[in-house]
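Trainee: Pasting a structure here, questions to come.
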Amino acid sequence: NLDIVVPNPGEPLYSATYTEKGAQLDTIAADARIKFIVGKIDEAGFQADMDLWKKSGGDEYVKEMNEAYAASQQK
């Protein structure tokens with residue numbers, strides 16, 4: 001499958017926030033996605049859930065991953 005693989009450049013990177021809060025962040029995102037797909041929330045509700053994700057550590061997780069990726073490119 002090497003011809004069709006889509007690599008994940010973030011896979012080898014580390015985030016202390018994700019180590020600590022990853023399960024909670026994953027649950028927030030998955031629940032929001034499912035609620036939106038089945039029609040329990042609209043786009044505003046989905047955005048509110050994503051705001052909760054950001055406030056619950058998502059912003060810090062993104063920052064850490066961006067920094068880790070940038071550092072990995074300097075080697």
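Following the order of the structure tokens, chains are lettered A, B, ..., residues in each are numbered from 1, and ligands are numbered from 1.
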Would you please give, as a ChimeraX atom specification, all residues of segment 1-71 of chain A that DSSP assigns to alpha helix (DSSP H) based on the backbone?

Mentor: /A:16-37,43-53,59-71

Trainee: Rounded to one decimal place, report the atom CA of Lys21 of chain A-atom CA of Lys54 of chain A distance in Å.

Mentor: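 Spanning atom CA of Lys21 of chain A to atom CA of Lys54 of chain A is a straight-line distance of 11.6 Å.
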
Trainee: Between A:Ile28, A:Ile41, A:Met50, A:Met65, which one has atoms that come closest to Pro12 of chain A, using only C-alpha atoms?

Mentor: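 Among the listed residues, the smallest separation from Pro12 of chain A belongs to A:Met65.
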
Trainee: Taking only C-alpha atoms into account, which of A:Ala70, A:Ala23, A:Ala29, A:Ala48 comes nearest Pro9 of chain A?

Mentor: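 The closest residue to Pro9 of chain A is A:Ala70.
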
Trainee: Please measure the separation of atom CA of Ala30 of chain A and atom CA of Trp53 of chain A, giving the value in Å to one decimal.

Mentor: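 Atom CA of Trp53 of chain A lies 10.5 Å from atom CA of Ala30 of chain A.
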
Trainee: For Glu64 of chain A, list every protein, DNA or RNA residue within 12 Å, evaluated using only C-alpha atoms, and leave out those in the same chain fewer than 2 positions away; present the list as a list in words.

Mentor: Gly10, Leu13, Tyr14, Ser15, Ala16, Thr17, Tyr18, Thr19, Gly57, Gly58, Asp59, Glu60, Tyr61, Val62, Asn66, Glu67, Ala68, Tyr69, Ala70 and Ala71 of chain A

Trainee: Any chance you could export the current selection's C-alpha atoms as a compact mmCIF listing (two decimals), in the first residue's frame?

Mentor:
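The resulting file, result_4.txt, is reproduced below:
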```
# COMPACT_ATOMS: atom_id res chain seq x y z
CA GLY A 10 2.31 14.56 13.42
CA LEU A 13 5.48 14.28 17.67
CA TYR A 14 4.82 14.68 21.40
CA SER A 15 2.39 16.95 23.25
CA ALA A 16 2.30 17.09 27.05
CA THR A 17 -1.23 18.49 26.86
CA TYR A 18 -2.43 15.58 24.74
CA THR A 19 -0.77 13.10 27.09
CA GLY A 57 -6.69 22.22 26.13
CA GLY A 58 -7.13 22.11 22.38
CA ASP A 59 -5.46 25.47 21.80
CA GLU A 60 -2.44 24.41 23.87
CA TYR A 61 -2.31 21.04 22.08
CA VAL A 62 -2.28 22.74 18.66
CA ASN A 66 3.02 23.23 15.74
CA GLU A 67 6.15 23.92 17.78
CA ALA A 68 7.18 20.25 17.74
CA TYR A 69 6.65 20.05 13.97
CA ALA A 70 8.67 23.23 13.37
CA ALA A 71 11.50 21.85 15.52
```

Trainee: Name the closest residue to Gly45 of chain A among the candidates A:Asp31, A:Asp3, A:Glu20, A:Glu11; distances are taken between atoms, counting only C-alpha atoms.

Mentor: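 Looking only at the distances to Gly45 of chain A, the closest residue turns out to be A:Asp31.
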